[in-house]
Amino acid sequence: MRILVIRLKHVGDCLLALPVCSNLKQAFPGATVDYLVLDHIAPLFRSHPDIDRVVTISPAERRHTRLYLKKLLELRRRRYDLVLDLRTDSITVLITLFTDARRQIGFDRGKWRSRLYKTRVPYPEAGGSLNAKLSILKALSIAKPLDTRFAVHLSHSEVESMRGRMRGHGIEFSRPVFVFATVGRVPSKTWPVEYFVEVIENVLERYAAQGILIWGPGEEERVRAVTARIDRYFNVHADIGTGSDDVRELAALLANSTIFIGNDGGPRHIAEAVGKPTFTIFSPLMRKAAWLPHPGPRHRAVDLEDALGADQLQRLDREEVARRQEFYHRKVTPPLVLARLIPMLDELCAESETTAVGRRIGTDNPL
């Protein structure tokens, strides 16, 4: 059986869709599973054991009719038996139809294009969440429990190469390395700059840690504005480049860190995918109950419900929150974030010290 999974969206969405591929592999052991993603994201899925081929579509192929038709013909020639469209927009619906696969499954989003799928699955309320993506597998009667893990598979040389680059910038791996995502592609998901500065200075001083501020294309100026407000006393780096679009280098940098702290977005998901703890500050319209894939000791978050309480939040009109997102984002204050973050960092740093002692005495289990 030949299967195509389509997720033409950004980094976080594509990582959260990986469990769909993994569960298909488990349900159909002899099948080949291809994954169609945007070209600049594709390197993240290199060497993934549950993906046989990463298929890409570029901006040029989406803009130019001739190139787009060429891509459609390329997909049709692969003769897929099953196509699952996790995006359900005009481009992905057309791709699904053009494959001429015997089984075509997509979400019913109440629009005319949803009716073009051969099989429709109800679109969940939290449509971009991990569990929502997995719900498309209901159409295949895949038995629970479903595997919800997702990972980026880096080589040892990739991790060590980035480690050497970080050392060249003055990073000392005998001390904690905190990676901060203070800006994001979506402005409404970005916590106020002055709030971030307060949290960064507090945790760097408390743990004698080093900070790395990450940024993507078009975000450098905003990150520099953050670093300019941080006291020179603190060891903060915003110049450890990972390539303008090199997501694997970003993954390697996160793999060499102690923890990711920041806004919700692609880097948060990459950190989890390389096995690192995460602490996320959600925007007012997002709830950690739906959008934190694996809550627990290693993955924690704070959202508007933590700031206002469940009862008050339920009384708020969602449209009102949407209109005044900055106002409500400021309800999530630095003291609230620190109250949730510091216990987590205490545990992580204690764990790191125990591991370091174990290495010094030559055992993996010093206890």
# chains A, B, ... in the order shown; residues from 1 in each chain; ligands from 1
>>> residues_around(residues="segment 319-327 of chain A", least_positions_apart="3", cutoff="9 Å", atoms="only C-alpha atoms", output="tab-separated table (two decimals) with N, CA and C atoms, in the first residue's frame")
chain	number	residue	atom	x	y	z
A	188	SER	N	0.53	38.12	17.60
A	188	SER	CA	-0.42	37.94	18.69
A	188	SER	C	-0.01	36.84	19.66
A	189	LYS	N	0.97	36.00	19.25
A	189	LYS	CA	1.45	34.94	20.14
A	189	LYS	C	2.67	35.39	20.95
A	190	THR	N	3.06	36.65	20.80
A	190	THR	CA	4.30	37.14	21.40
A	190	THR	C	4.03	37.85	22.71
A	191	TRP	N	4.61	37.35	23.78
A	191	TRP	CA	4.49	37.94	25.11
A	191	TRP	C	5.22	39.27	25.14
A	192	PRO	N	4.79	40.26	25.95
A	192	PRO	CA	5.45	41.57	25.96
A	192	PRO	C	6.95	41.49	26.24
A	283	SER	N	-0.55	32.39	24.18
A	283	SER	CA	-1.30	33.61	23.90
A	283	SER	C	-2.72	33.48	24.44
A	284	PRO	N	-3.46	34.58	24.58
A	284	PRO	CA	-4.76	34.55	25.25
A	284	PRO	C	-5.79	33.60	24.65
A	285	LEU	N	-5.73	33.38	23.34
A	285	LEU	CA	-6.73	32.53	22.70
A	285	LEU	C	-6.38	31.05	22.73
A	316	LEU	N	-15.73	35.17	29.94
A	316	LEU	CA	-15.23	36.07	28.91
A	316	LEU	C	-15.74	35.68	27.54
A	330	ARG	N	-1.14	40.55	28.77
A	330	ARG	CA	-0.47	41.17	29.91
A	330	ARG	C	-1.02	40.69	31.25
A	331	LYS	N	-2.13	39.98	31.23
A	331	LYS	CA	-2.65	39.38	32.46
A	331	LYS	C	-1.76	38.22	32.93
>>> select_by_dssp(residues="segment 129-300 of chain A", states="helix (DSSP H, G or I)", output="ChimeraX atom specification")
/A:130-140,156-168,187-189,193-207,220-227,247-255,266-273,288-291
>>> closest_atom_pairs(of="segment 133-232 of chain A", to="segment 238-261 of chain A", cutoff="9 Å", atoms="only C-alpha atoms", output="CSV")
residue,atom,partner,partner_atom,distance
A:Val152,CA,A:Ala251,CA,7.7
A:Leu154,CA,A:Ala252,CA,7.2
A:Glu158,CA,A:Ala252,CA,6.4
A:Val159,CA,A:Ala252,CA,5.0
A:Glu160,CA,A:Ala252,CA,8.3
A:Ser161,CA,A:Ala252,CA,8.5
A:Met162,CA,A:Leu253,CA,6.1
A:Arg163,CA,A:Asn256,CA,6.5
A:Arg165,CA,A:Ile240,CA,7.7
A:Met166,CA,A:Ile240,CA,6.9
A:His169,CA,A:Ile240,CA,7.0
A:Phe173,CA,A:Asn256,CA,8.6
A:Pro176,CA,A:Thr258,CA,5.8
A:Val177,CA,A:Ser257,CA,5.1
A:Phe178,CA,A:Ile259,CA,5.3
A:Val179,CA,A:Phe260,CA,4.9
A:Phe180,CA,A:Ile261,CA,4.9
A:Ala181,CA,A:Ile261,CA,6.4
A:Thr182,CA,A:Ile261,CA,8.6
A:Gly211,CA,A:Ala238,CA,8.5
A:Ile212,CA,A:Ala238,CA,5.9
A:Leu213,CA,A:Ala238,CA,4.9
A:Ile214,CA,A:Ala238,CA,6.4
A:Trp215,CA,A:Ala238,CA,8.1
A:Gly216,CA,A:Ser244,CA,6.6
A:Pro217,CA,A:Ser244,CA,5.8
A:Glu220,CA,A:Ala238,CA,8.5
A:Val223,CA,A:Ala238,CA,7.4
A:Arg224,CA,A:Ala238,CA,7.4
A:Thr227,CA,A:Ala238,CA,7.5
>>> residues_around(residues="Asn131 of chain A", least_positions_apart="3", cutoff="10 Å", atoms="only C-alpha atoms", output="PyMOL selection string")
chain A and resi 16-17+19-20+124+126-128+134-136+146+148+290-291+293
>>> write_last_selection(atoms="N, CA and C atoms", output="PDB file, in the first residue's frame")
ATOM      1  N   LEU A  16       3.547  18.092  14.798  1.00  0.00           N
ATOM      2  CA  LEU A  16       2.415  17.506  15.502  1.00  0.00           C
ATOM      3  C   LEU A  16       1.661  16.486  14.641  1.00  0.00           C
ATOM      4  N   ALA A  17       1.860  16.545  13.329  1.00  0.00           N
ATOM      5  CA  ALA A  17       1.212  15.573  12.441  1.00  0.00           C
ATOM      6  C   ALA A  17       2.035  14.302  12.277  1.00  0.00           C
ATOM      7  N   PRO A  19       2.798  11.934  14.373  1.00  0.00           N
ATOM      8  CA  PRO A  19       2.175  10.720  14.897  1.00  0.00           C
ATOM      9  C   PRO A  19       1.165  10.081  13.948  1.00  0.00           C
ATOM     10  N   VAL A  20       0.581  10.863  13.045  1.00  0.00           N
ATOM     11  CA  VAL A  20      -0.297  10.267  12.038  1.00  0.00           C
ATOM     12  C   VAL A  20       0.505   9.299  11.175  1.00  0.00           C
ATOM     13  N   PRO A 124     -12.283  18.733  14.347  1.00  0.00           N
ATOM     14  CA  PRO A 124     -12.331  18.969  15.798  1.00  0.00           C
ATOM     15  C   PRO A 124     -12.253  20.453  16.129  1.00  0.00           C
ATOM     16  N   ALA A 126     -10.345  22.042  18.454  1.00  0.00           N
ATOM     17  CA  ALA A 126      -8.939  22.476  18.472  1.00  0.00           C
ATOM     18  C   ALA A 126      -8.251  21.834  17.275  1.00  0.00           C
ATOM     19  N   GLY A 127      -8.559  22.356  16.098  1.00  0.00           N
ATOM     20  CA  GLY A 127      -8.200  21.691  14.856  1.00  0.00           C
ATOM     21  C   GLY A 127      -6.731  21.462  14.615  1.00  0.00           C
ATOM     22  N   GLY A 128      -5.849  22.315  15.176  1.00  0.00           N
ATOM     23  CA  GLY A 128      -4.428  22.148  14.927  1.00  0.00           C
ATOM     24  C   GLY A 128      -3.706  21.339  15.969  1.00  0.00           C
ATOM     25  N   LEU A 134      -4.735  13.455  14.942  1.00  0.00           N
ATOM     26  CA  LEU A 134      -4.886  12.004  15.026  1.00  0.00           C
ATOM     27  C   LEU A 134      -6.319  11.554  14.774  1.00  0.00           C
ATOM     28  N   SER A 135      -7.278  12.447  14.971  1.00  0.00           N
ATOM     29  CA  SER A 135      -8.681  12.060  14.808  1.00  0.00           C
ATOM     30  C   SER A 135      -9.010  11.664  13.374  1.00  0.00           C
ATOM     31  N   ILE A 136      -8.166  12.052  12.427  1.00  0.00           N
ATOM     32  CA  ILE A 136      -8.431  11.677  11.035  1.00  0.00           C
ATOM     33  C   ILE A 136      -8.316  10.166  10.843  1.00  0.00           C
ATOM     34  N   LEU A 146      -3.274   5.234  20.516  1.00  0.00           N
ATOM     35  CA  LEU A 146      -2.494   5.780  19.423  1.00  0.00           C
ATOM     36  C   LEU A 146      -1.178   6.331  19.950  1.00  0.00           C
ATOM     37  N   THR A 148       1.479   8.966  20.312  1.00  0.00           N
ATOM     38  CA  THR A 148       1.440  10.427  20.182  1.00  0.00           C
ATOM     39  C   THR A 148       2.838  11.049  20.167  1.00  0.00           C
ATOM     40  N   ALA A 290      -5.430  22.067  25.489  1.00  0.00           N
ATOM     41  CA  ALA A 290      -5.570  21.564  24.116  1.00  0.00           C
ATOM     42  C   ALA A 290      -4.249  21.564  23.362  1.00  0.00           C
ATOM     43  N   TRP A 291      -3.383  22.540  23.646  1.00  0.00           N
ATOM     44  CA  TRP A 291      -2.237  22.785  22.779  1.00  0.00           C
ATOM     45  C   TRP A 291      -0.887  22.364  23.350  1.00  0.00           C
ATOM     46  N   PRO A 293       1.042  19.238  23.953  1.00  0.00           N
ATOM     47  CA  PRO A 293       0.817  17.843  23.553  1.00  0.00           C
ATOM     48  C   PRO A 293       1.058  16.818  24.658  1.00  0.00           C
TER      49      PRO A 293
END
>>> residues_around(residues="Val302 of chain A", least_positions_apart="2", cutoff="7 Å", atoms="only C-alpha atoms", output="PDB file with N, CA and C atoms, in the first residue's frame")
ATOM      1  N   THR A 280       6.228  26.900  28.074  1.00  0.00           N
ATOM      2  CA  THR A 280       5.581  27.710  27.046  1.00  0.00           C
ATOM      3  C   THR A 280       4.640  28.740  27.662  1.00  0.00           C
ATOM      4  N   ILE A 281       4.694  29.949  27.104  1.00  0.00           N
ATOM      5  CA  ILE A 281       3.772  31.018  27.492  1.00  0.00           C
ATOM      6  C   ILE A 281       2.761  31.173  26.360  1.00  0.00           C
ATOM      7  N   PHE A 282       1.538  30.750  26.602  1.00  0.00           N
ATOM      8  CA  PHE A 282       0.534  30.741  25.543  1.00  0.00           C
ATOM      9  C   PHE A 282      -0.144  32.099  25.402  1.00  0.00           C
ATOM     10  N   ASP A 306      -4.611  30.320  33.885  1.00  0.00           N
ATOM     11  CA  ASP A 306      -3.786  30.411  35.091  1.00  0.00           C
ATOM     12  C   ASP A 306      -3.845  31.815  35.683  1.00  0.00           C
ATOM     13  N   VAL A 337       4.517  33.716  35.776  1.00  0.00           N
ATOM     14  CA  VAL A 337       5.380  32.820  34.998  1.00  0.00           C
ATOM     15  C   VAL A 337       6.502  32.261  35.863  1.00  0.00           C
TER      16      VAL A 337
END
>>> closest_residue(among="A:Arg109, A:Lys138, A:His153, A:Lys144", to="His48 of chain A", atoms="only C-alpha atoms")
A:His153
>>> closest_residue(among="A:Glu125, A:Val332, A:Gly110, A:Ala60", to="Gly309 of chain A", atoms="only C-alpha atoms")
A:Val332
>>> residues_around(residues="Thr92 of chain A", least_positions_apart="3", cutoff="12 Å", atoms="only C-alpha atoms", output="PyMOL selection string")
chain A and resi 4-9+36-38+57+62+68+72+83-89+95-99+104-107+113-114+116-117
>>> atom_distance(atom1="atom CA of Gln26 of chain A", atom2="atom CA of Pro267 of chain A")
27.5 Å
>>> select_by_dssp(residues="segment 48-249 of chain A", states="strand (DSSP E or B)", output="PyMOL selection string")
chain A and resi 53-57+82-85+103-108+119-122+177-181+210-213+236-237
>>> write_last_selection(atoms="C-alpha atoms", output="short mmCIF file (atom, residue, chain, number, x, y, z; two decimals), in the first residue's frame")
data_model
loop_
_atom_site.label_atom_id
_atom_site.label_comp_id
_atom_site.auth_asym_id
_atom_site.auth_seq_id
_atom_site.Cartn_x
_atom_site.Cartn_y
_atom_site.Cartn_z
CA ARG A 53 9.86 9.73 1.33
CA VAL A 54 9.57 13.42 2.14
CA VAL A 55 7.77 15.11 -0.75
CA THR A 56 8.01 18.88 -0.98
CA ILE A 57 6.25 21.77 -2.65
CA LEU A 82 -4.57 6.24 0.33
CA VAL A 83 -4.25 10.01 0.80
CA LEU A 84 -4.90 11.83 4.08
CA ASP A 85 -5.19 15.61 3.88
CA ARG A 103 -9.20 6.28 -0.68
CA GLN A 104 -9.09 10.02 -0.01
CA ILE A 105 -9.70 11.27 3.53
CA GLY A 106 -9.99 14.85 4.74
CA PHE A 107 -11.60 16.97 7.43
CA ASP A 108 -15.13 18.28 7.01
CA THR A 119 -14.32 10.19 3.06
CA ARG A 120 -14.84 13.06 5.52
CA VAL A 121 -13.96 13.21 9.20
CA PRO A 122 -15.57 15.80 11.53
CA VAL A 177 21.98 26.81 28.82
CA PHE A 178 18.50 28.32 28.56
CA VAL A 179 17.11 28.94 25.08
CA PHE A 180 14.52 31.74 24.86
CA ALA A 181 12.03 32.35 22.04
CA GLN A 210 23.63 31.34 29.97
CA GLY A 211 20.89 32.53 27.66
CA ILE A 212 20.49 32.07 23.92
CA LEU A 213 17.84 34.08 22.10
CA VAL A 236 23.16 36.35 26.73
CA HIS A 237 23.75 35.43 23.09
#
>>> atom_distance(atom1="atom CA of Leu292 of chain A", atom2="atom CA of Ile342 of chain A")
18.9 Å
>>> closest_residue(among="A:Val11, A:Glu198, A:Arg2, A:Ile51", to="Arg76 of chain A", atoms="only C-alpha atoms")
A:Arg2
>>> atom_distance(atom1="atom CA of Lys111 of chain A", atom2="atom CA of Asp13 of chain A")
21.3 Å
